[in-house]
>>> print(open('run-v8.cif').read())   # mmCIF, C-alpha atoms
data_input
loop_
_atom_site.label_atom_id
_atom_site.label_comp_id
_atom_site.auth_asym_id
_atom_site.auth_seq_id
_atom_site.Cartn_x
_atom_site.Cartn_y
_atom_site.Cartn_z
CA MET A 925 127.06 33.84 -104.08
CA VAL A 926 126.49 32.11 -107.41
CA ILE A 927 124.83 33.70 -110.44
CA ASN A 928 124.38 31.14 -113.19
CA SER A 929 123.17 33.73 -115.64
CA GLU A 930 125.72 35.69 -117.65
CA ILE A 931 125.78 39.48 -117.30
CA LEU A 932 125.57 41.05 -120.78
CA PHE A 933 125.57 44.73 -119.81
CA GLU A 934 125.63 46.87 -116.69
CA ASP A 935 125.70 50.59 -115.94
CA ASN A 936 124.17 52.82 -113.26
CA HIS A 937 120.68 52.35 -114.69
CA LEU A 938 120.47 48.90 -116.31
CA LEU A 939 121.48 45.32 -115.68
CA VAL A 940 120.99 42.95 -118.63
CA VAL A 941 121.57 39.23 -118.21
CA ASN A 942 121.40 36.05 -120.26
CA LYS A 943 119.06 33.96 -118.13
CA MET A 944 119.87 30.28 -117.93
CA PRO A 945 117.11 27.67 -118.37
CA GLY A 946 115.55 26.71 -115.04
CA GLU A 947 116.09 30.06 -113.33
CA LEU A 948 113.10 32.01 -112.06
CA VAL A 949 113.09 35.70 -112.91
CA GLN A 950 110.74 36.58 -110.06
CA GLY A 951 109.65 34.63 -106.98
CA ASP A 952 106.73 32.20 -107.14
CA LYS A 953 104.99 29.62 -104.96
CA THR A 954 107.95 27.22 -105.20
CA GLY A 955 109.91 29.42 -102.82
CA ASP A 956 113.07 29.01 -104.93
CA GLU A 957 115.38 32.01 -104.89
CA PRO A 958 114.68 34.03 -108.05
CA LEU A 959 117.22 35.66 -110.31
CA VAL A 960 116.23 39.16 -109.20
CA GLU A 961 117.20 38.37 -105.60
CA LYS A 962 120.51 36.79 -106.65
CA LEU A 963 121.31 39.90 -108.67
CA LYS A 964 120.47 42.18 -105.72
CA LYS A 965 123.05 40.27 -103.67
CA TYR A 966 125.56 40.59 -106.50
CA ILE A 967 125.06 44.38 -106.63
CA LYS A 968 125.27 44.69 -102.84
CA VAL A 969 128.60 42.86 -102.73
CA LYS A 970 130.13 44.38 -105.88
CA TYR A 971 129.39 47.98 -104.89
CA ASN A 972 129.47 47.48 -101.10
CA LYS A 973 125.99 48.95 -100.84
CA PRO A 974 124.45 49.47 -97.41
CA GLY A 975 120.79 48.69 -96.84
CA GLU A 976 118.37 47.32 -99.40
CA VAL A 977 119.28 47.20 -103.07
CA PHE A 978 116.71 48.39 -105.60
CA LEU A 979 116.33 46.23 -108.72
CA GLY A 980 113.14 46.42 -110.76
CA VAL A 981 111.79 43.56 -112.86
CA VAL A 982 110.82 45.01 -116.24
CA HIS A 983 109.73 41.80 -117.99
CA ARG A 984 109.96 38.05 -117.46
CA LEU A 985 110.83 34.83 -119.23
CA ASP A 986 109.26 31.46 -118.42
CA ARG A 987 111.37 29.37 -116.06
CA PRO A 988 112.42 26.72 -118.67
CA THR A 989 113.27 29.43 -121.23
CA SER A 990 116.65 31.13 -121.62
CA GLY A 991 117.84 34.45 -122.97
CA ALA A 992 118.06 38.22 -122.56
CA VAL A 993 116.33 39.90 -119.61
CA VAL A 994 116.69 43.53 -118.56
CA PHE A 995 116.41 44.80 -114.98
CA ALA A 996 116.23 48.43 -113.82
CA LYS A 997 118.66 49.66 -111.16
CA THR A 998 116.70 52.84 -110.39
CA SER A 999 113.01 53.66 -110.05
CA LYS A 1000 113.33 56.24 -112.87
CA ALA A 1001 114.78 53.62 -115.21
CA LEU A 1002 112.04 51.17 -114.21
CA SER A 1003 109.18 53.55 -114.96
CA ARG A 1004 110.68 54.56 -118.32
CA LEU A 1005 111.37 50.97 -119.36
CA ASN A 1006 107.87 49.92 -118.27
CA GLU A 1007 106.51 52.66 -120.52
CA GLN A 1008 108.64 51.46 -123.44
CA PHE A 1009 107.40 47.89 -123.08
CA ALA A 1010 103.79 49.05 -122.68
CA LYS A 1011 104.03 51.18 -125.83
CA LYS A 1012 105.73 48.34 -127.73
CA GLU A 1013 108.80 50.47 -128.42
CA THR A 1014 111.06 47.51 -127.64
CA ILE A 1015 111.84 44.66 -130.05
CA LYS A 1016 112.09 41.13 -128.66
CA THR A 1017 113.40 38.42 -130.97
CA TYR A 1018 113.22 34.77 -129.98
CA TRP A 1019 114.68 31.57 -131.42
CA ALA A 1020 112.73 28.33 -131.07
CA ILE A 1021 113.64 24.77 -132.07
CA VAL A 1022 110.67 22.74 -133.29
CA LYS A 1023 110.32 19.18 -134.61
CA ASN A 1024 107.77 19.91 -137.33
CA ALA A 1025 108.27 22.56 -139.99
CA PRO A 1026 105.54 25.21 -140.06
CA GLU A 1027 103.56 25.70 -143.27
CA PRO A 1028 104.15 28.19 -144.74
CA THR A 1029 107.77 28.51 -143.67
CA PHE A 1030 107.22 32.13 -142.63
CA GLY A 1031 104.18 34.14 -141.69
CA SER A 1032 102.10 35.54 -138.84
CA LEU A 1033 99.88 33.87 -136.26
CA THR A 1034 96.84 35.44 -134.63
CA HIS A 1035 94.97 33.69 -131.85
CA TYR A 1036 92.94 34.50 -128.77
CA LEU A 1037 94.61 33.10 -125.66
CA LYS A 1038 92.88 32.23 -122.43
CA LYS A 1039 94.86 31.37 -119.32
CA THR A 1040 93.89 28.54 -116.97
CA GLU A 1041 95.19 29.31 -113.50
CA ALA A 1042 94.63 25.77 -112.17
CA ASN A 1043 97.40 24.22 -114.27
CA ASN A 1044 99.21 27.41 -115.38
CA THR A 1045 98.58 26.91 -119.09
CA SER A 1046 97.02 28.93 -121.88
CA LYS A 1047 94.76 27.74 -124.67
CA ALA A 1048 94.63 29.21 -128.17
CA TYR A 1049 91.35 29.93 -129.93
CA ILE A 1050 90.79 31.08 -133.51
CA LYS A 1051 87.95 33.37 -132.44
CA GLU A 1052 87.54 35.51 -129.36
CA VAL A 1053 86.06 33.75 -126.32
CA PRO A 1054 85.12 35.21 -122.93
CA GLY A 1055 88.24 36.05 -120.93
CA SER A 1056 90.61 35.70 -123.89
CA LYS A 1057 93.23 38.18 -125.14
CA ILE A 1058 94.46 38.63 -128.69
CA ALA A 1059 97.96 37.25 -129.39
CA ILE A 1060 99.99 38.06 -132.51
CA LEU A 1061 103.45 36.85 -133.51
CA HIS A 1062 105.54 36.74 -136.68
CA TYR A 1063 107.82 33.80 -137.48
CA ALA A 1064 110.35 32.70 -140.09
CA THR A 1065 112.14 29.37 -140.54
CA ILE A 1066 115.83 30.31 -140.59
CA LYS A 1067 117.60 26.92 -140.49
CA LYS A 1068 116.88 23.25 -141.18
CA LEU A 1069 118.70 20.98 -138.75
CA SER A 1070 119.03 17.21 -139.16
CA ASN A 1071 115.84 16.48 -137.18
CA TYR A 1072 114.55 19.90 -136.24
CA HIS A 1073 113.83 23.39 -137.55
CA LEU A 1074 115.00 26.70 -136.13
CA LEU A 1075 112.42 29.49 -136.11
CA GLU A 1076 112.92 33.19 -135.45
CA ILE A 1077 109.96 34.83 -133.76
CA ASN A 1078 109.01 38.45 -133.15
CA LEU A 1079 106.19 39.20 -130.75
CA GLU A 1080 103.59 41.85 -131.37
CA THR A 1081 101.85 41.09 -128.07
CA GLY A 1082 103.16 39.60 -124.85
CA ARG A 1083 100.76 36.98 -123.51
CA HIS A 1084 101.17 34.13 -121.04
CA HIS A 1085 103.11 31.29 -122.76
CA GLN A 1086 102.31 32.99 -126.08
CA ILE A 1087 105.04 31.54 -128.32
CA ARG A 1088 104.68 28.10 -126.78
CA VAL A 1089 100.92 27.79 -127.19
CA GLN A 1090 100.69 29.48 -130.60
CA LEU A 1091 103.37 27.26 -132.16
CA ALA A 1092 101.78 24.18 -130.58
CA SER A 1093 98.41 25.19 -132.04
CA ILE A 1094 99.81 24.86 -135.59
CA GLY A 1095 101.41 21.48 -134.86
CA CYS A 1096 104.90 22.81 -134.06
CA PRO A 1097 105.46 22.36 -130.31
CA ILE A 1098 108.82 23.57 -129.04
CA LYS A 1099 111.42 20.88 -128.37
CA GLY A 1100 111.20 19.73 -124.75
CA ASP A 1101 107.91 21.50 -124.02
CA LEU A 1102 105.84 18.64 -122.59
CA LYS A 1103 103.20 21.08 -121.38
CA TYR A 1104 102.35 21.94 -124.99
CA GLY A 1105 102.73 18.67 -126.81
CA ALA A 1106 106.44 17.86 -127.22
CA ALA A 1107 107.12 14.12 -127.43
CA ARG A 1108 109.79 14.14 -124.72
CA SER A 1109 111.53 16.47 -122.32
CA ASN A 1110 115.00 17.94 -122.66
CA PRO A 1111 117.53 16.30 -120.30
CA ASP A 1112 117.97 19.48 -118.25
CA GLY A 1113 114.23 20.22 -118.04
CA SER A 1114 114.53 23.24 -120.34
CA ILE A 1115 112.49 23.98 -123.42
CA SER A 1116 114.27 25.03 -126.63
CA LEU A 1117 113.09 28.62 -126.60
CA HIS A 1118 115.66 31.40 -126.28
CA ALA A 1119 115.21 35.17 -126.06
CA ARG A 1120 117.95 35.81 -128.60
CA LYS A 1121 117.86 39.58 -129.01
CA LEU A 1122 116.46 42.53 -127.10
CA GLN A 1123 116.38 46.07 -128.48
CA ILE A 1124 115.54 48.96 -126.14
CA ILE A 1125 116.10 52.69 -125.78
CA HIS A 1126 118.34 53.51 -122.83
CA PRO A 1127 116.02 55.06 -120.23
CA VAL A 1128 118.42 57.92 -119.42
CA LEU A 1129 120.84 58.29 -122.34
CA LYS A 1130 118.03 57.81 -124.92
CA THR A 1131 120.34 55.79 -127.18
CA GLU A 1132 119.20 52.63 -128.97
CA MET A 1133 120.74 49.51 -127.47
CA THR A 1134 120.75 45.93 -128.77
CA PHE A 1135 121.66 42.93 -126.64
CA VAL A 1136 122.29 39.50 -128.16
CA ALA A 1137 122.18 36.58 -125.73
CA PRO A 1138 124.61 33.70 -126.44
CA LEU A 1139 122.87 30.37 -126.99
CA PRO A 1140 122.75 27.66 -124.30
CA ASN A 1141 125.68 25.26 -124.16
CA ASP A 1142 123.90 22.41 -125.92
CA PRO A 1143 124.86 20.61 -129.16
CA ILE A 1144 121.58 21.40 -130.94
CA TRP A 1145 121.73 25.07 -129.99
CA GLN A 1146 125.37 25.25 -131.05
CA ALA A 1147 124.37 23.86 -134.46
CA CYS A 1148 121.90 26.73 -134.73
CA GLU A 1149 124.66 29.25 -134.21
CA ARG A 1150 126.25 28.22 -137.48
CA ILE A 1151 123.78 29.87 -139.85
#
>>> encode(input="run-v8.cif", output="structure tokens")
Amino acid sequence: MVINSEILFEDNHLLVVNKMPGELVQGDKTGDEPLVEKLKKYIKVKYNKPGEVFLGVVHRLDRPTSGAVVFAKTSKALSRLNEQFAKKETIKTYWAIVKNAPEPTFGSLTHYLKKTEANNTSKAYIKEVPGSKIAILHYATIKKLSNYHLLEINLETGRHHQIRVQLASIGCPIKGDLKYGAARSNPDGSISLHARKLQIIHPVLKTEMTFVAPLPNDPIWQACERI
């Protein structure tokens, strides 16, 4: 059994991993084995568990994205974490590498996003349109690389492809994201978007917990680490 993703934290209630680019969090029409199923096998073997293993998916990352993802090992933990995410009591911080610098260098973006099921994309509108949902994020430029810029992003809402489509709408598509206007793909098929930090309240202990996901093993990402 191979788990490409790195385990960041584990106890009786939580399993937090640093998802690698290209891994599915949950199953889809491709039929590829998702991360949640790999982790169930890991738990079954590690703890010699009989029968089915429970592991709840609390939130997801897009397949080409990397970073911190939390799973619930009990139904109680799952319901409490779901409530936290629904009430926006969690803090999710992302890092994104973009070619063009945003103007201004820090600020907030508000759009109305509408998903198109046929090609699995979302489109950003300045004003509300039928079927759209409001999307709000806050960004800051935190490093200038030789040919790129590193942005830190905090989400106020969690919409389909939100960071990707909102940055693209201001002329700052994420490196490697062909779907939203990048000039070329990354060699490994990833996009340069990483869920860098996740802050939650432990569903049982009630303590605040912060998980920082190491950056992908890539020269550009490693340059970002030195800030």
>>> resolve_selection(input="run-v8.cif", expression="the PyMOL selection byres ((chain A and resi 1118) around 8)", output="VMD selection string")
chain A and resid 989 to 991 1018 to 1020 1116 to 1117 1119 to 1120 1139
>>> write_last_selection(input="run-v8.cif", atoms="C-alpha atoms", output="mmCIF file, keeping the file's coordinate frame")
data_model
loop_
_atom_site.group_PDB
_atom_site.id
_atom_site.type_symbol
_atom_site.label_atom_id
_atom_site.label_comp_id
_atom_site.auth_asym_id
_atom_site.auth_seq_id
_atom_site.Cartn_x
_atom_site.Cartn_y
_atom_site.Cartn_z
ATOM 1 C CA THR A 989 113.270 29.430 -121.230
ATOM 2 C CA SER A 990 116.650 31.130 -121.620
ATOM 3 C CA GLY A 991 117.840 34.450 -122.970
ATOM 4 C CA TYR A 1018 113.220 34.770 -129.980
ATOM 5 C CA TRP A 1019 114.680 31.570 -131.420
ATOM 6 C CA ALA A 1020 112.730 28.330 -131.070
ATOM 7 C CA SER A 1116 114.270 25.030 -126.630
ATOM 8 C CA LEU A 1117 113.090 28.620 -126.600
ATOM 9 C CA ALA A 1119 115.210 35.170 -126.060
ATOM 10 C CA ARG A 1120 117.950 35.810 -128.600
ATOM 11 C CA LEU A 1139 122.870 30.370 -126.990
#
>>> residues_around(input="run-v8.cif", residues="A:Gly1105", least_positions_apart="6", cutoff="10 Å", atoms="all atoms listed in the file", output="VMD selection string")
chain A and resid 1088 to 1089 1092 to 1093 1095 to 1099
>>> atom_distance(input="run-v8.cif", atom1="atom CA of A:Leu979", atom2="atom CA of A:Val949")
11.8 Å
>>> residues_around(input="run-v8.cif", residues="A:Phe978", least_positions_apart="3", cutoff="8 Å", atoms="all atoms listed in the file", output="short mmCIF file (atom, residue, chain, number, x, y, z; two decimals) with C-alpha atoms, in the coordinates of the input")
data_model
loop_
_atom_site.label_atom_id
_atom_site.label_comp_id
_atom_site.auth_asym_id
_atom_site.auth_seq_id
_atom_site.Cartn_x
_atom_site.Cartn_y
_atom_site.Cartn_z
CA LYS A 964 120.47 42.18 -105.72
CA LYS A 997 118.66 49.66 -111.16
CA THR A 998 116.70 52.84 -110.39
CA SER A 999 113.01 53.66 -110.05
#
>>> resolve_selection(input="run-v8.cif", expression="the PyMOL selection byres ((chain A and resi 1015) around 8)", output="NGL selection string")
:A and (1012-1014 or 1016-1017 or 1078-1079 or 1121-1124)
>>> closest_atom_pairs(input="run-v8.cif", of="stretch 1054-1125 of chain A", to="stretch 1024-1041 of chain A", cutoff="6 Å", atoms="all atoms listed in the file", output="Markdown table")
| residue | atom | partner | partner_atom | distance |
| --- | --- | --- | --- | --- |
| A:Ser1056 | CA | A:Lys1038 | CA | 4.4 |
| A:Lys1057 | CA | A:Tyr1036 | CA | 5.2 |
| A:Ile1058 | CA | A:Tyr1036 | CA | 4.4 |
| A:Ala1059 | CA | A:His1035 | CA | 5.3 |
| A:Ile1060 | CA | A:Thr1034 | CA | 4.6 |
| A:Leu1061 | CA | A:Leu1033 | CA | 5.4 |
| A:His1062 | CA | A:Ser1032 | CA | 4.2 |
| A:Tyr1063 | CA | A:Phe1030 | CA | 5.4 |
| A:Ala1064 | CA | A:Phe1030 | CA | 4.1 |
| A:Thr1065 | CA | A:Thr1029 | CA | 5.4 |
| A:Cys1096 | CA | A:Asn1024 | CA | 5.2 |
>>> closest_residue(input="run-v8.cif", among="A:Gly955, A:Val982, A:Asn1006, A:Phe995", to="A:Ile931", atoms="all atoms listed in the file")
A:Phe995
>>> closest_residue(input="run-v8.cif", among="A:Val994, A:Val960, A:Cys1148, A:Leu985", to="A:Met1133", atoms="all atoms listed in the file")
A:Val994
>>> resolve_selection(input="run-v8.cif", expression="the PyMOL selection byres ((chain A and resi 986) around 12)", output="ChimeraX atom specification")
/A:943-952,958,983-985,987-993,1044-1045,1083-1088,1101,1114-1119
>>> closest_residue(input="run-v8.cif", among="A:Ala1010, A:Ile1021, A:Val981, A:Ile1125", to="A:Ile1077", atoms="all atoms listed in the file")
A:Ile1021
>>> closest_residue(input="run-v8.cif", among="A:Ala996, A:Val941, A:Ala1107, A:Ile967", to="A:His1126", atoms="all atoms listed in the file")
A:Ala996
>>> closest_residue(input="run-v8.cif", among="A:Arg1150, A:Lys1051, A:Lys1103, A:Lys1130", to="A:Ile1066", atoms="only C-alpha atoms")
A:Arg1150
>>> atom_distance(input="run-v8.cif", atom1="atom CA of A:Leu1005", atom2="atom CA of A:His937")
10.5 Å
>>> atom_distance(input="run-v8.cif", atom1="atom CA of A:Asn1141", atom2="atom CA of A:Ser1070")
18.3 Å
>>> closest_residue(input="run-v8.cif", among="A:Ile1144, A:Ile1094, A:Leu939, A:Leu1075", to="A:Leu1002", atoms="only C-alpha atoms")
A:Leu939
>>> axis_aligned_box(input="run-v8.cif", around="stretch 1087-1105 of chain A", padding_each_side="6 Å", output="JSON")
{"center_x": 104.9, "center_y": 25.1, "center_z": -128.5, "size_x": 25.0, "size_y": 24.9, "size_z": 26.2}
>>> residues_around(input="run-v8.cif", residues="A:Lys968", least_positions_apart="6", cutoff="12 Å", atoms="only C-alpha atoms", output="PyMOL selection string")
chain A and resi 925+961-962+974-979+997
